[in-house]
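Visitor: One file: input01.cif (mmCIF, C-alpha atoms).
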```cif
data_data
#
loop_
_atom_site.label_atom_id
_atom_site.label_comp_id
_atom_site.auth_asym_id
_atom_site.auth_seq_id
_atom_site.Cartn_x
_atom_site.Cartn_y
_atom_site.Cartn_z
CA MET A 14 75.76 131.17 59.98
CA ARG A 15 72.61 131.39 57.89
CA LYS A 16 70.46 130.92 61.00
CA LYS A 17 72.14 133.90 62.71
CA ALA A 18 71.53 136.09 59.68
CA ILE A 19 67.83 135.16 59.62
CA ILE A 20 67.46 135.79 63.36
CA LEU A 21 69.25 139.13 63.03
CA ALA A 22 67.00 140.08 60.10
CA ILE A 23 63.87 139.22 62.10
CA ILE A 24 65.07 141.22 65.11
CA SER A 25 65.87 144.17 62.83
CA ILE A 26 62.42 144.09 61.23
CA VAL A 27 60.69 143.92 64.62
CA TYR A 28 62.79 146.86 65.84
CA ILE A 29 62.14 148.95 62.72
CA ILE A 30 58.39 148.36 62.90
CA GLY A 31 58.04 148.36 66.69
CA PHE A 32 60.18 151.31 67.73
CA PRO A 33 58.05 154.07 66.12
CA LEU A 34 54.96 152.59 67.76
CA LEU A 35 56.73 152.39 71.12
CA LYS A 36 58.03 155.94 70.72
CA ASN A 37 54.64 157.43 69.77
CA LYS A 38 52.47 155.52 72.23
CA VAL A 39 54.77 155.24 75.24
CA LEU A 40 57.74 157.62 75.20
CA ASP A 41 56.10 160.69 73.63
CA ALA A 42 52.86 160.25 75.58
CA ARG A 43 54.63 161.76 78.58
CA TYR A 44 55.29 164.97 76.68
CA THR A 45 51.94 165.53 74.97
CA ILE A 46 50.02 168.74 75.60
CA VAL A 47 46.52 168.96 74.15
CA LEU A 48 45.19 172.35 73.04
CA GLU A 49 41.46 172.25 72.52
CA VAL A 50 39.81 175.01 70.54
CA THR A 51 36.39 175.20 72.16
CA GLY A 52 34.68 177.46 69.61
CA GLU A 53 33.38 179.42 72.60
CA ALA A 54 33.99 183.03 73.60
CA ASN A 55 33.43 185.54 76.35
CA ALA A 56 30.19 187.54 75.87
CA LEU A 57 32.30 190.65 75.20
CA SER A 58 34.44 189.00 72.53
CA LYS A 59 33.87 189.73 68.86
CA GLY A 60 35.22 186.31 67.78
CA THR A 61 36.63 182.95 68.81
CA GLU A 62 40.19 183.21 67.47
CA ILE A 63 43.13 181.50 69.16
CA TRP A 64 46.63 182.90 68.51
CA ILE A 65 49.88 181.47 69.89
CA ASP A 66 52.73 183.96 69.95
CA SER A 67 55.47 181.62 71.15
CA ILE A 68 56.28 178.34 72.86
CA TYR A 69 59.25 177.89 75.21
CA ARG A 70 60.85 174.62 76.28
CA ASP A 71 63.31 174.71 79.20
CA GLY A 72 63.67 178.48 78.70
CA ALA A 73 64.49 178.25 74.97
CA VAL A 74 62.07 179.31 72.26
CA VAL A 75 60.63 176.51 70.08
CA ASP A 76 60.69 177.09 66.33
CA ILE A 77 56.92 177.03 65.80
CA THR A 78 57.37 176.91 62.03
CA LYS A 79 58.56 173.30 62.44
CA LEU A 80 55.59 172.07 64.49
CA ALA A 81 53.16 169.72 62.78
CA LEU A 82 49.86 171.59 62.61
CA ASP A 83 46.49 169.88 62.74
CA ALA A 84 43.59 170.96 60.55
CA GLY A 85 42.35 174.42 61.36
CA TRP A 86 45.74 175.80 62.42
CA GLU A 87 47.78 178.15 60.23
CA ASN A 88 51.27 179.55 60.60
CA ARG A 89 51.03 183.33 60.19
CA VAL A 90 54.33 184.05 61.96
CA ARG A 91 52.18 183.38 65.00
CA LEU A 92 50.08 180.22 65.08
CA PHE A 93 46.42 180.96 64.32
CA ASN A 94 43.13 179.12 64.61
CA PRO A 95 39.91 180.98 63.75
CA GLY A 96 38.08 179.06 66.47
CA THR A 97 35.07 178.49 64.24
CA GLU A 98 35.29 174.71 64.64
CA ALA A 99 36.00 173.04 67.94
CA GLY A 100 38.88 170.59 67.82
CA LYS A 101 42.00 169.32 69.55
CA TRP A 102 45.64 169.81 68.62
CA PHE A 103 48.13 167.39 70.11
CA ILE A 104 51.60 168.91 70.56
CA VAL A 105 54.58 166.83 71.60
CA ILE A 106 57.07 169.02 73.45
CA ARG A 107 60.07 167.26 74.99
CA SER A 108 61.09 169.24 78.02
CA LYS A 109 63.24 168.50 81.05
CA LYS A 110 61.98 171.28 83.35
CA ASN A 111 59.17 173.42 82.01
CA THR A 112 57.04 174.45 79.08
CA ARG A 113 55.45 177.85 78.45
CA ILE A 114 52.90 178.71 75.77
CA ASP A 115 52.25 182.42 75.18
CA PHE A 116 48.77 183.10 73.82
CA VAL A 117 47.77 186.41 72.26
CA THR A 118 44.78 188.09 73.87
CA HIS A 119 42.65 190.67 72.01
CA PRO A 120 39.00 191.66 71.33
CA TYR A 121 38.47 188.74 68.88
CA SER A 122 39.88 185.97 71.11
CA GLY A 123 38.01 182.87 72.20
CA ILE A 124 38.44 180.21 74.87
CA VAL A 125 41.11 177.50 74.77
CA ARG A 126 41.26 174.39 76.94
CA ILE A 127 44.65 172.85 77.74
CA THR A 128 45.32 169.35 79.02
CA ASP A 129 48.84 168.85 80.36
CA TYR A 130 51.04 165.75 80.60
CA GLU A 131 49.31 164.54 83.75
CA GLY A 132 45.75 165.05 82.52
CA ASN A 133 45.17 168.33 84.37
CA VAL A 134 42.78 170.58 82.45
CA SER A 135 42.96 174.38 82.40
CA GLU A 136 40.67 176.72 80.53
CA PHE A 137 41.77 180.17 79.37
CA ASP A 138 39.47 182.96 78.25
CA LEU A 139 41.79 184.87 75.91
CA TYR A 140 39.52 187.90 75.47
CA SER A 141 41.07 191.29 76.23
CA GLU A 142 40.09 194.82 75.19
CA GLU A 143 43.71 195.47 74.14
CA GLU A 144 46.23 193.07 72.58
CA ASP A 145 48.41 191.42 75.18
CA THR A 146 49.70 187.93 76.03
CA LYS A 147 48.63 185.31 78.54
CA SER A 148 51.00 182.47 79.41
CA PHE A 149 50.30 178.83 80.21
CA ILE A 150 53.23 177.52 82.26
CA LEU A 151 53.85 173.87 83.06
CA ASN A 152 56.61 173.17 85.59
CA TYR A 153 57.55 169.72 86.78
#
```
Could the structure of this file be written out as structure tokens, please?

Guide:
Amino acid sequence: MRKKAIILAIISIVYIIGFPLLKNKVLDARYTIVLEVTGEANALSKGTEIWIDSIYRDGAVVDITKLALDAGWENRVRLFNPGTEAGKWFIVIRSKKNTRIDFVTHPYSGIVRITDYEGNVSEFDLYSEEEDTKSFILNY
């Protein structure tokens, strides 16, 4: 009986330690989108800011106030990065069908680079004379 308890305890410890690693490195890797603030801007732009108005997963809005933000990002009702320092933000978004990220475009916007689940890279110049939105849509 004592042997079974020890074996069960060892299996439990391995599971408790191993599952988060498995989840982060294997399961969530499929759902990771990388937003890279380039620190670059269109010649007409007055800045390098990156603003995210909203994120949608399978047609439903994601509560952006609950996303873990990397250094440089701030929650100002919309997500904001001044774009003064280049850097990457890894977002894990579990989605069955599609993901949409709505960026704000305006005269102070910079350039953002997005790497999707499959490693495809897209670059968006978010500069616009008037405030508007530009959407990144990932369907699979």

Visitor: For Leu92 (chain A), which residue out of A:Lys16, A:Arg70, A:Lys79, A:Arg107 is the nearest one, using only C-alpha atoms?

Guide: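 That would be A:Lys79, the residue with the smallest distance to Leu92 (chain A).
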
Visitor: Enumerate, as number ranges by chain, the residues matched when the PyMOL selection byres ((chain A and resi 83) around 9) is run on the file above.

Guide: A: 81-82, 84-87, 101-103

Visitor: Name the residues in contact with Asp138 (chain A) at a cut-off of 10 Å, using all atoms listed in the file, excluding same-chain residues fewer than 2 positions from it; report them as a list in words.

Guide: Glu53, Ala54, Asn55, Ser58, Thr61, Ile63, Thr118, Ser122, Gly123, Ile124, Val125, Arg126, Glu136, Tyr140, Ser141 and Lys147 of chain A

Visitor: Which one is closest to Gly52 (chain A): A:Ala18, A:Phe93, A:Ala99, A:Ala73? Count only C-alpha atoms.

Guide: A:Ala99

Visitor: Which residue gives the smallest distance to Leu80 (chain A) among A:Ile104, A:Glu62, A:Gly96, A:Ile23, with only C-alpha atoms counted?

Guide: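 Using only C-alpha atoms, Leu80 (chain A) sits closest to A:Ile104.
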
Visitor: Under the rule that all atoms listed in the file are counted, which of A:Glu144, A:Leu151, A:Val90, A:Thr51 is the nearest residue to Gly132 (chain A)?

Guide: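 Looking only at the distances to Gly132 (chain A), the closest residue turns out to be A:Leu151.
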
Visitor: Could you state the separation of CA of Gly100 (chain A) and CA of Glu143 (chain A) in Å, given to one decimal place?

Guide: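 Spanning CA of Gly100 (chain A) to CA of Glu143 (chain A) is a straight-line distance of 26.1 Å.
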
Visitor: Calculate how many Å separate CA of Ile106 (chain A) from CA of His119 (chain A), rounding to one decimal.

Guide: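 Straight-line distance from CA of Ile106 (chain A) to CA of His119 (chain A) works out to 26.1 Å.
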
Visitor: Would you mind reading off the distance between CA of Glu49 (chain A) and CA of Ile127 (chain A), one decimal, in Å?

Guide: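 Distance reported for this atom pair: 6.1 Å.
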
Visitor: So, with all atoms listed in the file as the atoms that count, which of A:Thr97, A:Asn133, A:Thr146, A:Asn152 lies closest to Asp66 (chain A)?

Guide: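 Checking each of A:Thr97, A:Asn133, A:Thr146, A:Asn152 against Asp66 (chain A), counting all atoms listed in the file, the winner is A:Thr146.
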
Visitor: Starting from the PyMOL selection byres ((chain A and resi 131) around 12), expand the selection into actual residues of this file and give them as a list of chain:residue names.

Guide: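 When the PyMOL selection byres ((chain A and resi 131) around 12) is applied, the selected residues are A:Ala42, A:Arg43, A:Tyr44, A:Thr45, A:Ile46, A:Val47, A:Ile127, A:Thr128, A:Asp129, A:Tyr130, A:Gly132, A:Asn133, A:Val134, A:Ser135, A:Leu151, A:Asn152, A:Tyr153.
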
Visitor: Which residue, A:Arg91, A:Tyr121, A:Tyr69, A:Ser108, has the smallest gap to Ser148 (chain A) when you use all atoms listed in the file?

Guide: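 Residue with the minimum atom-to-atom distance to Ser148 (chain A): A:Tyr69.
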
Visitor: Take region 112-134 of chain A from the block and save it with N, CA and C atoms, as an mmCIF file, in the first residue's frame.

Guide:
```
data_model
loop_
_atom_site.group_PDB
_atom_site.id
_atom_site.type_symbol
_atom_site.label_atom_id
_atom_site.label_comp_id
_atom_site.auth_asym_id
_atom_site.auth_seq_id
_atom_site.Cartn_x
_atom_site.Cartn_y
_atom_site.Cartn_z
ATOM 1 N N THR A 112 -9.371 35.037 -35.653
ATOM 2 C CA THR A 112 -8.951 36.086 -34.731
ATOM 3 C C THR A 112 -8.886 37.384 -35.519
ATOM 4 N N ARG A 113 -9.343 38.466 -34.905
ATOM 5 C CA ARG A 113 -9.259 39.787 -35.550
ATOM 6 C C ARG A 113 -8.715 40.789 -34.543
ATOM 7 N N ILE A 114 -7.720 41.547 -34.959
ATOM 8 C CA ILE A 114 -7.162 42.618 -34.130
ATOM 9 C C ILE A 114 -7.420 43.926 -34.859
ATOM 10 N N ASP A 115 -8.128 44.837 -34.195
ATOM 11 C CA ASP A 115 -8.430 46.152 -34.775
ATOM 12 C C ASP A 115 -7.433 47.175 -34.250
ATOM 13 N N PHE A 116 -6.592 47.691 -35.142
ATOM 14 C CA PHE A 116 -5.626 48.722 -34.799
ATOM 15 C C PHE A 116 -6.225 50.088 -35.100
ATOM 16 N N VAL A 117 -5.853 51.079 -34.311
ATOM 17 C CA VAL A 117 -6.264 52.461 -34.564
ATOM 18 C C VAL A 117 -5.233 53.073 -35.495
ATOM 19 N N THR A 118 -5.699 53.771 -36.514
ATOM 20 C CA THR A 118 -4.810 54.501 -37.412
ATOM 21 C C THR A 118 -5.043 55.989 -37.204
ATOM 22 N N HIS A 119 -3.969 56.780 -37.227
ATOM 23 C CA HIS A 119 -4.065 58.235 -37.060
ATOM 24 C C HIS A 119 -2.728 58.868 -37.439
ATOM 25 N N PRO A 120 -2.600 60.195 -37.387
ATOM 26 C CA PRO A 120 -1.376 60.874 -37.835
ATOM 27 C C PRO A 120 -0.112 60.550 -37.025
ATOM 28 N N TYR A 121 -0.247 59.959 -35.838
ATOM 29 C CA TYR A 121 0.910 59.655 -34.990
ATOM 30 C C TYR A 121 1.247 58.158 -34.967
ATOM 31 N N SER A 122 0.638 57.390 -35.853
ATOM 32 C CA SER A 122 0.815 55.930 -35.851
ATOM 33 C C SER A 122 2.106 55.500 -36.517
ATOM 34 N N GLY A 123 2.624 54.365 -36.039
ATOM 35 C CA GLY A 123 3.832 53.778 -36.602
ATOM 36 C C GLY A 123 3.535 52.503 -37.363
ATOM 37 N N ILE A 124 4.552 51.659 -37.456
ATOM 38 C CA ILE A 124 4.451 50.403 -38.200
ATOM 39 C C ILE A 124 4.514 49.236 -37.219
ATOM 40 N N VAL A 125 3.616 48.275 -37.398
ATOM 41 C CA VAL A 125 3.588 47.078 -36.564
ATOM 42 C C VAL A 125 3.785 45.864 -37.465
ATOM 43 N N ARG A 126 4.518 44.889 -36.954
ATOM 44 C CA ARG A 126 4.752 43.641 -37.672
ATOM 45 C C ARG A 126 4.060 42.535 -36.888
ATOM 46 N N ILE A 127 3.323 41.684 -37.593
ATOM 47 C CA ILE A 127 2.557 40.613 -36.941
ATOM 48 C C ILE A 127 3.003 39.268 -37.496
ATOM 49 N N THR A 128 3.287 38.348 -36.580
ATOM 50 C CA THR A 128 3.597 36.972 -36.965
ATOM 51 C C THR A 128 2.468 36.095 -36.453
ATOM 52 N N ASP A 129 1.826 35.361 -37.364
ATOM 53 C CA ASP A 129 0.682 34.541 -36.970
ATOM 54 C C ASP A 129 1.127 33.161 -36.496
ATOM 55 N N TYR A 130 0.137 32.299 -36.219
ATOM 56 C CA TYR A 130 0.373 30.965 -35.679
ATOM 57 C C TYR A 130 1.314 30.123 -36.536
ATOM 58 N N GLU A 131 1.242 30.341 -37.848
ATOM 59 C CA GLU A 131 2.012 29.513 -38.771
ATOM 60 C C GLU A 131 3.340 30.145 -39.176
ATOM 61 N N GLY A 132 3.686 31.276 -38.578
ATOM 62 C CA GLY A 132 4.942 31.929 -38.891
ATOM 63 C C GLY A 132 4.866 32.929 -40.026
ATOM 64 N N ASN A 133 3.664 33.155 -40.565
ATOM 65 C CA ASN A 133 3.496 34.147 -41.623
ATOM 66 C C ASN A 133 3.638 35.544 -41.028
ATOM 67 N N VAL A 134 4.373 36.411 -41.717
ATOM 68 C CA VAL A 134 4.644 37.752 -41.215
ATOM 69 C C VAL A 134 3.932 38.774 -42.094
#
```
